[in-house]
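Trainee: Structure: protein.cif, mmCIF, C-alpha atoms and all ligand atoms.
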data_work
loop_
_atom_site.label_atom_id
_atom_site.label_comp_id
_atom_site.auth_asym_id
_atom_site.auth_seq_id
_atom_site.Cartn_x
_atom_site.Cartn_y
_atom_site.Cartn_z
CA MET C 984 4.70 -14.30 -17.66
CA ASP C 985 4.27 -14.49 -13.91
CA PRO C 986 1.34 -12.65 -12.30
CA THR C 987 3.46 -9.81 -11.07
CA SER C 988 5.04 -8.93 -14.35
CA THR C 989 1.49 -9.11 -15.70
CA ILE C 990 0.36 -6.59 -13.15
CA PHE C 991 3.31 -4.35 -13.79
CA SER C 992 2.66 -4.60 -17.51
CA PHE C 993 -0.85 -3.47 -16.73
CA LEU C 994 0.42 -0.63 -14.65
CA SER C 995 2.77 0.38 -17.41
CA VAL C 996 -0.12 0.22 -19.87
CA LEU C 997 -2.18 2.41 -17.58
CA LEU C 998 0.59 4.83 -16.83
CA PHE C 999 2.83 4.87 -19.83
CA GLY C 1000 0.63 3.52 -22.61
CA SER C 1001 2.97 0.67 -23.37
CA THR C 1002 2.62 -3.10 -23.25
CA THR C 1003 6.22 -3.99 -22.51
CA ASN C 1004 7.53 -5.09 -19.15
CA PHE C 1005 7.24 -2.66 -16.25
CA ASN C 1006 10.87 -3.08 -15.28
CA HIS C 1007 12.01 -1.82 -18.63
CA ASP C 1008 9.38 0.85 -18.85
CA PHE C 1009 9.72 2.52 -15.52
CA PRO C 1010 11.73 5.64 -16.25
CA SER C 1011 14.28 4.99 -13.53
CA GLU C 1012 17.16 6.58 -15.44
CA SER C 1013 15.38 9.91 -15.68
CA CYS C 1014 13.79 9.79 -12.24
CA HIS C 1015 16.67 8.72 -10.00
CA PHE C 1016 14.58 8.28 -6.90
CA PRO C 1017 17.18 7.73 -4.18
CA ALA C 1018 14.62 6.39 -1.70
CA ILE C 1019 11.06 5.25 -1.16
CA PHE C 1020 8.95 6.17 1.84
CA ASN C 1021 5.93 3.92 1.95
CA PHE C 1022 2.68 4.25 3.91
CA GLY C 1023 0.01 1.60 3.98
CA ALA C 1024 -1.35 -1.67 5.30
CA SER C 1025 -0.62 -5.38 4.76
CA ASN C 1026 -0.38 -4.98 1.00
CA SER C 1027 2.87 -3.07 1.49
CA ASP C 1028 3.98 -4.01 5.01
CA THR C 1029 7.60 -5.23 4.86
CA GLY C 1030 7.73 -6.15 8.55
CA GLY C 1031 6.02 -3.53 10.73
CA TYR C 1032 3.13 -5.54 12.08
CA ALA C 1033 5.34 -8.57 12.58
CA ALA C 1034 7.95 -6.53 14.46
CA ALA C 1035 5.32 -4.89 16.66
CA PHE C 1036 3.05 -7.82 17.38
CA ILE C 1037 3.67 -11.33 16.07
CA GLN C 1038 6.36 -13.35 14.41
CA LEU C 1039 4.88 -14.59 11.14
CA GLN C 1040 4.70 -18.28 10.31
CA SER C 1041 5.11 -20.31 7.14
CA PRO C 1042 3.86 -20.20 4.35
CA ASN C 1043 4.68 -16.48 4.61
CA GLY C 1044 7.96 -15.87 2.84
CA ASN C 1045 8.29 -19.44 1.55
CA THR C 1046 8.63 -18.90 -2.18
CA PHE C 1047 11.07 -16.00 -2.25
CA PHE C 1048 12.74 -15.45 1.11
CA GLY C 1049 12.73 -19.10 2.15
CA MET C 1050 11.38 -18.09 5.56
CA PRO C 1051 8.84 -15.61 6.99
CA ALA C 1052 10.09 -12.13 6.07
CA GLY C 1053 7.59 -9.87 7.87
CA ARG C 1054 5.33 -9.83 4.82
CA PHE C 1055 1.83 -11.28 4.86
CA CYS C 1056 2.70 -12.97 1.63
CA ASP C 1057 4.62 -16.00 0.41
CA GLY C 1058 6.92 -13.80 -1.66
CA ARG C 1059 7.48 -10.16 -2.51
CA LEU C 1060 4.98 -7.30 -2.42
CA ILE C 1061 4.45 -4.50 -4.96
CA VAL C 1062 6.60 -2.24 -2.81
CA ASP C 1063 9.43 -4.78 -3.13
CA PHE C 1064 9.12 -4.86 -6.92
CA THR C 1065 8.97 -1.08 -6.96
CA ALA C 1066 12.22 -0.93 -4.98
CA GLU C 1067 13.83 -3.47 -7.34
CA SER C 1068 12.73 -1.53 -10.41
CA LEU C 1069 14.38 1.59 -8.97
CA ASP C 1070 17.55 -0.38 -8.19
CA LEU C 1071 17.01 0.09 -4.47
CA PRO C 1072 17.26 -2.57 -1.76
CA PHE C 1073 14.04 -3.72 -0.10
CA LEU C 1074 12.63 -1.24 2.42
CA SER C 1075 13.23 -1.79 6.11
CA SER C 1076 10.17 -1.34 8.25
CA TYR C 1077 10.38 1.68 10.52
CA LEU C 1078 9.14 -0.46 13.42
CA ASN C 1079 11.77 -3.14 12.94
CA SER C 1080 14.72 -2.80 15.28
CA LEU C 1081 16.81 -5.61 13.83
CA ALA C 1082 19.00 -5.54 10.71
CA ILE C 1083 17.63 -2.27 9.33
CA ASN C 1084 19.05 0.11 6.75
CA PHE C 1085 17.04 3.27 6.11
CA SER C 1086 19.49 4.99 3.78
CA HIS C 1087 17.24 4.26 0.78
CA GLY C 1088 13.91 4.75 2.51
CA ALA C 1089 11.64 3.32 5.14
CA ASP C 1090 8.32 1.53 5.27
CA PHE C 1091 5.74 2.86 7.72
CA ALA C 1092 3.00 0.45 6.65
CA THR C 1093 1.55 -2.10 9.06
CA ALA C 1094 -0.96 -4.80 8.29
CA THR C 1095 -4.59 -3.87 9.09
CA SER C 1096 -3.81 -0.14 9.13
CA THR C 1097 -6.53 2.32 8.26
CA ILE C 1098 -6.66 5.98 7.27
CA ARG C 1099 -9.04 6.80 10.14
CA LEU C 1100 -8.58 5.05 13.46
CA PRO C 1101 -11.49 2.71 14.20
CA MET C 1102 -11.47 3.42 17.95
CA ALA C 1103 -13.55 0.43 18.92
CA ASP C 1104 -11.54 -2.08 16.97
CA VAL C 1105 -7.82 -1.72 17.66
CA VAL C 1106 -5.30 -4.46 18.48
CA PRO C 1107 -5.17 -6.14 21.01
CA TYR C 1108 -8.92 -5.71 21.62
CA GLY C 1109 -9.90 -5.61 17.96
CA HIS C 1110 -8.54 -6.08 14.48
CA ALA C 1111 -7.04 -2.79 13.31
CA SER C 1112 -3.42 -1.78 13.66
CA PRO C 1113 -3.01 1.19 16.01
CA PHE C 1114 -0.51 2.57 13.45
CA TYR C 1115 -3.13 4.27 11.34
CA LEU C 1116 -2.06 6.70 8.63
CA PRO C 1117 -1.77 9.88 10.78
CA LEU C 1118 0.44 7.94 13.19
CA GLN C 1119 2.56 6.63 10.28
CA TYR C 1120 2.95 10.26 9.27
CA LEU C 1121 4.07 11.29 12.78
CA GLN C 1122 6.56 8.43 12.75
CA PHE C 1123 7.88 9.72 9.42
CA ALA C 1124 8.18 13.27 10.78
CA GLN C 1125 10.13 12.00 13.75
CA PHE C 1126 12.24 9.78 11.51
CA LYS C 1127 13.07 12.75 9.28
CA ASN C 1128 14.36 14.77 12.23
CA ARG C 1129 16.12 12.07 14.20
CA SER C 1130 17.77 10.42 11.20
CA GLN C 1131 19.59 13.69 10.55
CA ILE C 1132 20.71 13.98 14.17
CA ILE C 1133 22.11 10.45 13.87
CA ARG C 1134 23.87 11.32 10.60
CA ARG C 1135 25.47 14.35 12.24
CA HIS C 1136 26.75 12.21 15.10
CA GLY C 1137 28.56 10.00 12.59
CA GLY C 1138 29.79 6.56 13.65
CA ILE C 1139 28.34 3.20 12.71
CA TYR C 1140 24.70 4.28 12.51
CA ALA C 1141 25.18 7.28 10.24
CA SER C 1142 25.41 5.23 7.04
CA LEU C 1143 22.10 3.58 7.82
CA MET C 1144 20.22 6.90 7.61
CA PRO C 1145 19.13 8.85 4.51
CA ARG C 1146 20.90 12.05 3.46
CA GLU C 1147 18.96 15.25 4.08
CA GLU C 1148 18.38 15.87 0.35
CA THR C 1149 16.91 12.38 -0.01
CA PHE C 1150 13.61 13.50 1.49
CA SER C 1151 12.70 15.92 -1.27
CA LYS C 1152 13.90 13.59 -4.04
CA ALA C 1153 12.28 10.40 -2.73
CA LEU C 1154 9.21 8.62 -4.03
CA TYR C 1155 6.34 8.59 -1.51
CA THR C 1156 4.05 5.61 -2.03
CA PHE C 1157 0.62 4.91 -0.52
CA ASP C 1158 -1.49 1.78 -0.48
CA ILE C 1159 -4.15 2.33 2.16
CA GLY C 1160 -7.92 2.66 2.50
CA GLN C 1161 -8.99 -0.91 1.90
CA ASN C 1162 -9.27 -1.62 5.63
CA ASP C 1163 -11.32 1.52 6.29
CA LEU C 1164 -13.93 -0.03 4.02
CA THR C 1165 -13.70 -3.72 4.93
CA GLN C 1166 -13.40 -3.27 8.68
CA SER C 1167 -16.50 -1.06 8.71
CA LEU C 1168 -18.37 -3.77 6.82
CA PHE C 1169 -17.22 -6.43 9.27
CA LEU C 1170 -18.39 -4.17 12.10
CA ASN C 1171 -21.81 -4.51 10.47
CA MET C 1172 -22.05 -1.06 8.96
CA THR C 1173 -24.24 -1.04 5.87
CA ILE C 1174 -22.77 -0.21 2.47
CA VAL C 1175 -24.76 3.04 2.55
CA GLN C 1176 -23.16 3.95 5.88
CA VAL C 1177 -19.67 3.14 4.58
CA ILE C 1178 -20.27 5.23 1.45
CA ALA C 1179 -21.30 8.13 3.67
CA ALA C 1180 -17.95 7.90 5.47
CA ILE C 1181 -15.84 8.00 2.29
CA PRO C 1182 -15.51 11.82 2.01
CA ASP C 1183 -14.16 12.01 5.55
CA ILE C 1184 -11.76 9.10 4.96
CA VAL C 1185 -10.49 10.72 1.75
CA ASN C 1186 -10.14 14.13 3.47
CA HIS C 1187 -7.96 12.54 6.11
CA PHE C 1188 -5.84 11.03 3.36
CA SER C 1189 -5.48 14.41 1.62
CA ASP C 1190 -4.38 15.99 4.92
CA ILE C 1191 -1.50 13.53 5.12
CA ILE C 1192 -0.38 14.32 1.57
CA LYS C 1193 -0.46 18.04 2.47
CA ASN C 1194 1.54 17.45 5.64
CA LEU C 1195 4.15 15.44 3.76
CA TYR C 1196 4.33 18.12 1.09
CA ASN C 1197 4.98 20.67 3.82
CA LEU C 1198 7.85 18.48 5.02
CA GLY C 1199 9.34 18.58 1.52
CA ALA C 1200 7.88 15.54 -0.24
CA ARG C 1201 7.23 16.15 -3.96
CA SER C 1202 6.64 12.79 -5.72
CA PHE C 1203 3.53 10.87 -4.67
CA TRP C 1204 2.46 7.47 -6.00
CA VAL C 1205 -1.03 6.53 -4.77
CA TYR C 1206 -2.64 3.13 -5.37
CA ASN C 1207 -6.40 3.06 -5.45
CA THR C 1208 -8.26 0.32 -3.63
CA ARG C 1209 -8.74 -3.22 -4.88
CA PRO C 1210 -11.94 -4.91 -6.11
CA LEU C 1211 -13.23 -5.75 -2.64
CA GLY C 1212 -16.21 -7.63 -4.05
CA CYS C 1213 -13.82 -10.27 -5.40
CA PHE C 1214 -12.28 -10.94 -1.98
CA PRO C 1215 -13.26 -14.39 -0.71
CA LYS C 1216 -13.79 -13.00 2.79
CA ILE C 1217 -16.40 -10.60 1.38
CA LEU C 1218 -17.97 -13.36 -0.71
CA ILE C 1219 -18.16 -15.64 2.32
CA SER C 1220 -19.37 -12.95 4.73
CA PHE C 1221 -22.05 -11.58 2.41
CA PRO C 1222 -23.18 -14.62 0.41
CA LEU C 1223 -26.47 -13.06 -0.68
CA ALA C 1224 -24.86 -10.10 -2.45
CA GLU C 1225 -25.68 -9.70 -6.13
CA LYS C 1226 -22.92 -11.22 -8.31
CA GLU C 1227 -21.16 -9.92 -11.38
CA SER C 1228 -20.60 -12.27 -14.32
CA VAL C 1229 -17.09 -13.07 -13.05
CA GLY C 1230 -18.52 -14.08 -9.67
CA CYS C 1231 -17.52 -11.03 -7.63
CA ALA C 1232 -20.02 -9.30 -5.32
CA LYS C 1233 -21.27 -6.28 -7.22
CA PRO C 1234 -22.26 -3.90 -4.38
CA TYR C 1235 -18.85 -4.27 -2.75
CA ASN C 1236 -17.02 -3.58 -6.00
CA LEU C 1237 -19.24 -0.52 -6.46
CA LEU C 1238 -18.21 0.57 -2.96
CA ALA C 1239 -14.53 0.26 -3.93
CA GLN C 1240 -15.21 2.18 -7.15
CA ARG C 1241 -16.91 4.93 -5.17
CA PHE C 1242 -13.90 5.23 -2.87
CA ASN C 1243 -11.59 5.29 -5.88
CA ALA C 1244 -13.60 8.00 -7.65
CA GLU C 1245 -13.44 10.24 -4.56
CA LEU C 1246 -9.75 9.50 -4.08
CA LYS C 1247 -9.06 10.38 -7.71
CA ASN C 1248 -10.94 13.68 -7.35
CA ALA C 1249 -9.10 14.50 -4.14
CA LEU C 1250 -5.75 13.91 -5.86
CA ALA C 1251 -6.82 16.14 -8.74
CA ARG C 1252 -7.57 18.92 -6.23
CA LEU C 1253 -4.17 18.39 -4.58
CA ARG C 1254 -2.45 18.72 -7.97
CA ILE C 1255 -4.04 22.16 -8.35
CA GLU C 1256 -3.13 23.15 -4.81
CA PHE C 1257 0.48 21.91 -5.16
CA PRO C 1258 1.63 22.48 -8.75
CA LEU C 1259 5.22 21.63 -7.77
CA ALA C 1260 4.20 18.13 -6.72
CA THR C 1261 3.82 15.09 -8.97
CA ILE C 1262 0.84 13.09 -7.76
CA VAL C 1263 0.15 9.83 -9.60
CA TYR C 1264 -3.11 7.95 -9.16
CA VAL C 1265 -2.46 4.27 -9.88
CA ASP C 1266 -5.48 2.26 -10.98
CA LEU C 1267 -4.72 -1.00 -9.27
CA TYR C 1268 -8.44 -1.82 -9.21
CA SER C 1269 -8.60 -2.17 -12.99
CA ALA C 1270 -5.34 -4.06 -13.22
CA LEU C 1271 -6.48 -6.59 -10.64
CA TYR C 1272 -10.05 -6.83 -11.87
CA SER C 1273 -8.75 -7.81 -15.28
CA LEU C 1274 -7.15 -10.85 -13.66
CA TYR C 1275 -10.72 -12.01 -13.04
CA THR C 1276 -12.12 -11.07 -16.41
CA HIS C 1277 -9.18 -12.47 -18.42
CA PRO C 1278 -7.45 -14.91 -16.06
CA THR C 1279 -5.86 -17.06 -18.76
CA LYS C 1280 -4.88 -14.26 -21.08
CA ASN C 1281 -2.93 -12.79 -18.20
CA GLY C 1282 -1.18 -16.07 -17.54
CA ASN C 1283 -2.73 -16.25 -14.12
CA LYS C 1284 -5.43 -18.88 -13.98
CA ILE C 1285 -7.27 -18.32 -10.72
CA PRO C 1286 -8.49 -21.61 -9.25
CA LYS C 1287 -11.95 -20.47 -8.24
CA ASP C 1288 -12.64 -23.64 -6.29
CA THR C 1289 -9.61 -23.27 -4.06
CA ILE C 1290 -11.10 -20.95 -1.48
CA LEU C 1291 -8.17 -21.14 0.91
CA LEU C 1292 -5.65 -20.28 -1.74
CA LEU C 1293 -7.84 -17.45 -2.95
CA PHE C 1294 -8.28 -16.18 0.57
CA TYR C 1295 -4.55 -16.09 0.99
CA PHE C 1296 -4.16 -14.49 -2.41
CA SER C 1297 -6.71 -11.81 -1.63
CA LEU C 1298 -5.00 -10.82 1.59
CA ASN C 1299 -2.20 -9.51 -0.50
CA PHE C 1300 -3.60 -9.44 -3.91
CA LEU C 1301 -0.46 -8.21 -5.50
CA CYS C 1302 1.76 -10.62 -3.81
CA ALA C 1303 3.50 -12.88 -6.27
CA ASN C 1304 6.98 -14.27 -5.80
C1 LIG A 1401 22.85 0.63 3.62
O1 LIG A 1401 22.34 0.78 2.31
C2 LIG A 1401 23.12 1.64 1.51
C3 LIG A 1401 22.37 1.84 0.20
O2 LIG A 1401 22.03 0.62 -0.36
C4 LIG A 1401 24.50 1.03 1.31
O3 LIG A 1401 25.30 1.89 0.52
C5 LIG A 1401 25.14 0.84 2.68
O4 LIG A 1401 26.36 0.15 2.54
C6 LIG A 1401 24.24 0.03 3.58
N1 LIG A 1401 24.82 -0.03 4.91
C7 LIG A 1401 25.05 -1.18 5.54
C8 LIG A 1401 25.71 -1.06 6.87
O5 LIG A 1401 24.73 -2.26 5.08
C1 LIG A 1402 11.39 18.35 13.74
O1 LIG A 1402 12.23 19.46 13.90
C2 LIG A 1402 11.59 20.70 13.65
C3 LIG A 1402 12.66 21.78 13.70
O2 LIG A 1402 13.46 21.61 14.84
C4 LIG A 1402 10.49 20.91 14.68
O3 LIG A 1402 9.81 22.10 14.42
C5 LIG A 1402 9.51 19.75 14.57
O4 LIG A 1402 8.53 19.83 15.59
C6 LIG A 1402 10.22 18.42 14.69
N1 LIG A 1402 9.28 17.37 14.39
C7 LIG A 1402 9.19 16.27 15.12
C8 LIG A 1402 8.16 15.26 14.69
O5 LIG A 1402 9.89 16.07 16.09
C1 LIG A 1403 -22.48 -8.43 13.20
O1 LIG A 1403 -23.67 -9.15 12.96
C2 LIG A 1403 -23.54 -10.55 13.17
C3 LIG A 1403 -24.83 -11.21 12.72
O2 LIG A 1403 -25.94 -10.52 13.21
C4 LIG A 1403 -23.21 -10.81 14.64
O3 LIG A 1403 -23.04 -12.19 14.85
C5 LIG A 1403 -21.92 -10.09 14.97
O4 LIG A 1403 -21.65 -10.22 16.36
C6 LIG A 1403 -22.01 -8.60 14.62
N1 LIG A 1403 -20.70 -8.04 14.81
C7 LIG A 1403 -20.51 -6.85 15.43
C8 LIG A 1403 -19.09 -6.40 15.55
O5 LIG A 1403 -21.43 -6.20 15.88
#
Let me see whether you can do it: turn the structure in this file into C-alpha cells.
Mentor:
Amino acid sequence: MDPTSTIFSFLSVLLFGSTTNFNHDFPSESCHFPAIFNFGASNSDTGGYAAAFIQLQSPNGNTFFGMPAGRFCDGRLIVDFTAESLDLPFLSSYLNSLAINFSHGADFATATSTIRLPMADVVPYGHASPFYLPLQYLQFAQFKNRSQIIRRHGGIYASLMPREETFSKALYTFDIGQNDLTQSLFLNMTIVQVIAAIPDIVNHFSDIIKNLYNLGARSFWVYNTRPLGCFPKILISFPLAEKESVGCAKPYNLLAQRFNAELKNALARLRIEFPLATIVYVDLYSALYSLYTHPTKNGNKIPKDTILLLFYFSLNFLCAN
C-alpha cells in the first residue's frame, strides 16, 4: 500500500468507519460533485504560486508528472487524489493563464497562504503569499460572476467555464491555517502569543465559509492542521522543545491540536447556523500522526535520519505520487 492510499484509508476510517480503500469508499455515485473549488496553501496548490511568482524546479513533479507541475511536491497532492476519486480532471489554478480548464472547478490555493494576512511578511519582502484566504474568496466571487459572462458569450472559452448550477452542487475544500501558526513562530512569536491569536484566525476562517454559503456553496470539506511538531523545520528551529516518544516536538503539536479544537468548534457552530450545508471536519492531524506512531504498519517507513527527505516530505505532508 503506498502512503497515499494509506492516508485515504485512514480518512475513510475516520469518516466512514471502514478500512477499505478510499477510492472505493468515497460515495461518488451518490454525491455526484460536478466540481471542486479549493482554497488553501502549498498542501493543495496545483500551480498558483508557481504561475504568480516562480517556475518550479526538479524534483517537483518528477515521480508523477515527469516535470515540475506547479505543485510543491514530487507527485500528486490530496486535492489531486480527491479529484481523481470523484472522476474529475485535476484542478487548474485560478492564477494560471496557460492550458486551463475550469469547467470542473478551480484551485485558489497558493503556497505560503494564510487565513489572516501577515502584513509584515508578504512576498516579495517576506515569506507569505499575498493571496491569503479572504483574497482567494474575492477571486472566487469574481470567478463565479465572470465565468458566467464568458459562458453566455459562447465561443471557444465557454466550454472551459463551469455551468451556473455547478456552484451550488460543487465540493468546496479547504486546507489552510498551518502557515498562520508556523509563520508566526518563525517571526519569533511565543507559543502563548500564537495560541492567543487562534480565535481570531478561526473567526476569519468562519467568515469565509459564511460568505461562500451566501454565494450558494453547500458542501464544505475542511482539513484540520497537521502535526506541526513533527515538521523537521520546527524540530531544527526549536531544538530545545520537549519531545514526544515518537520524536516530535510536544508544545508545537499541542499548538496544532489547540487550533484544531477551535476549528472543530467553529465548524460545529456553522452547522447550527447553516442547517442546509454539509460541513465535514477532516482529521488529517490524526491520520498523519499515525504515520509516526506506526510507520511500518502503514507501509510508510519514515527514514528519520534523512533530514532533507523529511523536510521535503513535511512541506507537503500528504504528497505521495
Ligand atoms: C474541459 O473539461 C471538461 C470536463 O472535463 C471537458 O468536457 C471539456 O472537453 C474540456 N475542454 C477542453 C477544451 O479541453
Ligand atoms: C457579482 O455579481 C453580482 C450581481 O451582479 C454583484 O452584486 C456582485 O458584486 C458581483 N461580485 C463580484 C465579485 O464582482
Ligand atoms: C528571531 O530571533 C532570532 C534569534 O534571536 C533572530 O536571529 C531573528 O532575526 C529573529 N527573527 C525575526 C523575524 O525577528
Trainee: Find the residues near Leu1071 (chain C): any atom within 10 Å, counting only C-alpha atoms, skip ones fewer than 4 places away on the same chain, and give them as a count of residues only.
Mentor: 12
Trainee: Please find the residues contacting ligand LIG 1402 (chain A) at a distance of at most 8 Å between atoms, with only C-alpha atoms and all ligand atoms counted, and report them as a PyMOL selection string.
Mentor: chain C and resi 1121-1129
Trainee: Taking only C-alpha atoms and all ligand atoms into account, report as a PyMOL selection string which residues have an atom no farther than 10 Å from an atom of ligand LIG 1401 (chain A).
Mentor: chain C and resi 1017-1018+1070-1074+1082-1088+1139-1145
Trainee: Quick one: residues within 12 Å of ligand LIG 1403 (chain A), with all atoms listed in the file, as a PyMOL selection string?
Mentor: chain C and resi 1101+1103-1104+1108-1110+1166-1173+1220-1221
Trainee: Env of Ser1151 (chain C): 6 Å cut, atoms = all atoms listed in the file, seq-sep filter 3 positions within chain, self excluded. Answer as a list of chain:residue names.
Mentor: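 Here the answer would be C:Glu1148, C:Gly1199, C:Ala1200.
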Trainee: Of the candidates C:Ala1033, C:Ser1080, C:Lys1247, C:Pro1234, which one gets nearest to Ile1174 (chain C) if we count all atoms listed in the file?
Mentor: C:Pro1234
Trainee: Give as JSON, numbers by chain every residue, naming chains and numbers as the document does, that has an atom within 9 Å of (7.4, -17.3, 10.4), counting all atoms listed in the file.
Mentor: {"C": [1038, 1039, 1040, 1041, 1042, 1043, 1044, 1050, 1051, 1052, 1053]}
Trainee: Please produce an output containing C-alpha atoms for each residue in the selection, written as a PDB file, in the coordinates of the input.
Mentor:
ATOM      1  CA  GLN C1038       6.360 -13.350  14.410  1.00  0.00           C
ATOM      2  CA  LEU C1039       4.880 -14.590  11.140  1.00  0.00           C
ATOM      3  CA  GLN C1040       4.700 -18.280  10.310  1.00  0.00           C
ATOM      4  CA  SER C1041       5.110 -20.310   7.140  1.00  0.00           C
ATOM      5  CA  PRO C1042       3.860 -20.200   4.350  1.00  0.00           C
ATOM      6  CA  ASN C1043       4.680 -16.480   4.610  1.00  0.00           C
ATOM      7  CA  GLY C1044       7.960 -15.870   2.840  1.00  0.00           C
ATOM      8  CA  MET C1050      11.380 -18.090   5.560  1.00  0.00           C
ATOM      9  CA  PRO C1051       8.840 -15.610   6.990  1.00  0.00           C
ATOM     10  CA  ALA C1052      10.090 -12.130   6.070  1.00  0.00           C
ATOM     11  CA  GLY C1053       7.590  -9.870   7.870  1.00  0.00           C
TER      12      GLY C1053
END
Trainee: Can you sort out region 1058-1070 of chain C so it carries N, CA, C and O atoms, written as an mmCIF file, in the frame of the given file?
Mentor:
data_model
loop_
_atom_site.group_PDB
_atom_site.id
_atom_site.type_symbol
_atom_site.label_atom_id
_atom_site.label_comp_id
_atom_site.auth_asym_id
_atom_site.auth_seq_id
_atom_site.Cartn_x
_atom_site.Cartn_y
_atom_site.Cartn_z
ATOM 1 N N GLY C 1058 5.771 -14.319 -0.927
ATOM 2 C CA GLY C 1058 6.920 -13.800 -1.660
ATOM 3 C C GLY C 1058 7.072 -12.310 -1.461
ATOM 4 O O GLY C 1058 7.003 -11.819 -0.336
ATOM 5 N N ARG C 1059 7.284 -11.609 -2.582
ATOM 6 C CA ARG C 1059 7.480 -10.160 -2.510
ATOM 7 C C ARG C 1059 6.176 -9.416 -2.725
ATOM 8 O O ARG C 1059 5.236 -9.955 -3.322
ATOM 9 N N LEU C 1060 6.147 -8.177 -2.258
ATOM 10 C CA LEU C 1060 4.980 -7.300 -2.420
ATOM 11 C C LEU C 1060 5.268 -6.277 -3.519
ATOM 12 O O LEU C 1060 6.417 -6.133 -3.953
ATOM 13 N N ILE C 1061 4.244 -5.542 -3.935
ATOM 14 C CA ILE C 1061 4.450 -4.500 -4.960
ATOM 15 C C ILE C 1061 5.568 -3.571 -4.535
ATOM 16 O O ILE C 1061 6.394 -3.182 -5.353
ATOM 17 N N VAL C 1062 5.593 -3.201 -3.263
ATOM 18 C CA VAL C 1062 6.600 -2.240 -2.810
ATOM 19 C C VAL C 1062 8.006 -2.812 -2.985
ATOM 20 O O VAL C 1062 8.964 -2.079 -3.251
ATOM 21 N N ASP C 1063 8.133 -4.138 -2.897
ATOM 22 C CA ASP C 1063 9.430 -4.780 -3.130
ATOM 23 C C ASP C 1063 9.820 -4.680 -4.615
ATOM 24 O O ASP C 1063 10.967 -4.398 -4.939
ATOM 25 N N PHE C 1064 8.844 -4.944 -5.482
ATOM 26 C CA PHE C 1064 9.120 -4.860 -6.920
ATOM 27 C C PHE C 1064 9.396 -3.411 -7.324
ATOM 28 O O PHE C 1064 10.201 -3.159 -8.223
ATOM 29 N N THR C 1065 8.713 -2.490 -6.668
ATOM 30 C CA THR C 1065 8.970 -1.080 -6.960
ATOM 31 C C THR C 1065 10.410 -0.739 -6.590
ATOM 32 O O THR C 1065 11.123 -0.098 -7.363
ATOM 33 N N ALA C 1066 10.836 -1.178 -5.408
ATOM 34 C CA ALA C 1066 12.220 -0.930 -4.980
ATOM 35 C C ALA C 1066 13.195 -1.546 -5.996
ATOM 36 O O ALA C 1066 14.133 -0.891 -6.450
ATOM 37 N N GLU C 1067 12.932 -2.801 -6.374
ATOM 38 C CA GLU C 1067 13.830 -3.470 -7.340
ATOM 39 C C GLU C 1067 13.904 -2.700 -8.647
ATOM 40 O O GLU C 1067 14.970 -2.540 -9.235
ATOM 41 N N SER C 1068 12.731 -2.208 -9.111
ATOM 42 C CA SER C 1068 12.730 -1.530 -10.410
ATOM 43 C C SER C 1068 13.440 -0.190 -10.339
ATOM 44 O O SER C 1068 13.825 0.362 -11.368
ATOM 45 N N LEU C 1069 13.616 0.341 -9.135
ATOM 46 C CA LEU C 1069 14.380 1.590 -8.970
ATOM 47 C C LEU C 1069 15.818 1.302 -8.535
ATOM 48 O O LEU C 1069 16.538 2.210 -8.108
ATOM 49 N N ASP C 1070 16.204 0.026 -8.603
ATOM 50 C CA ASP C 1070 17.550 -0.380 -8.190
ATOM 51 C C ASP C 1070 17.849 -0.045 -6.734
ATOM 52 O O ASP C 1070 18.977 0.327 -6.380
#
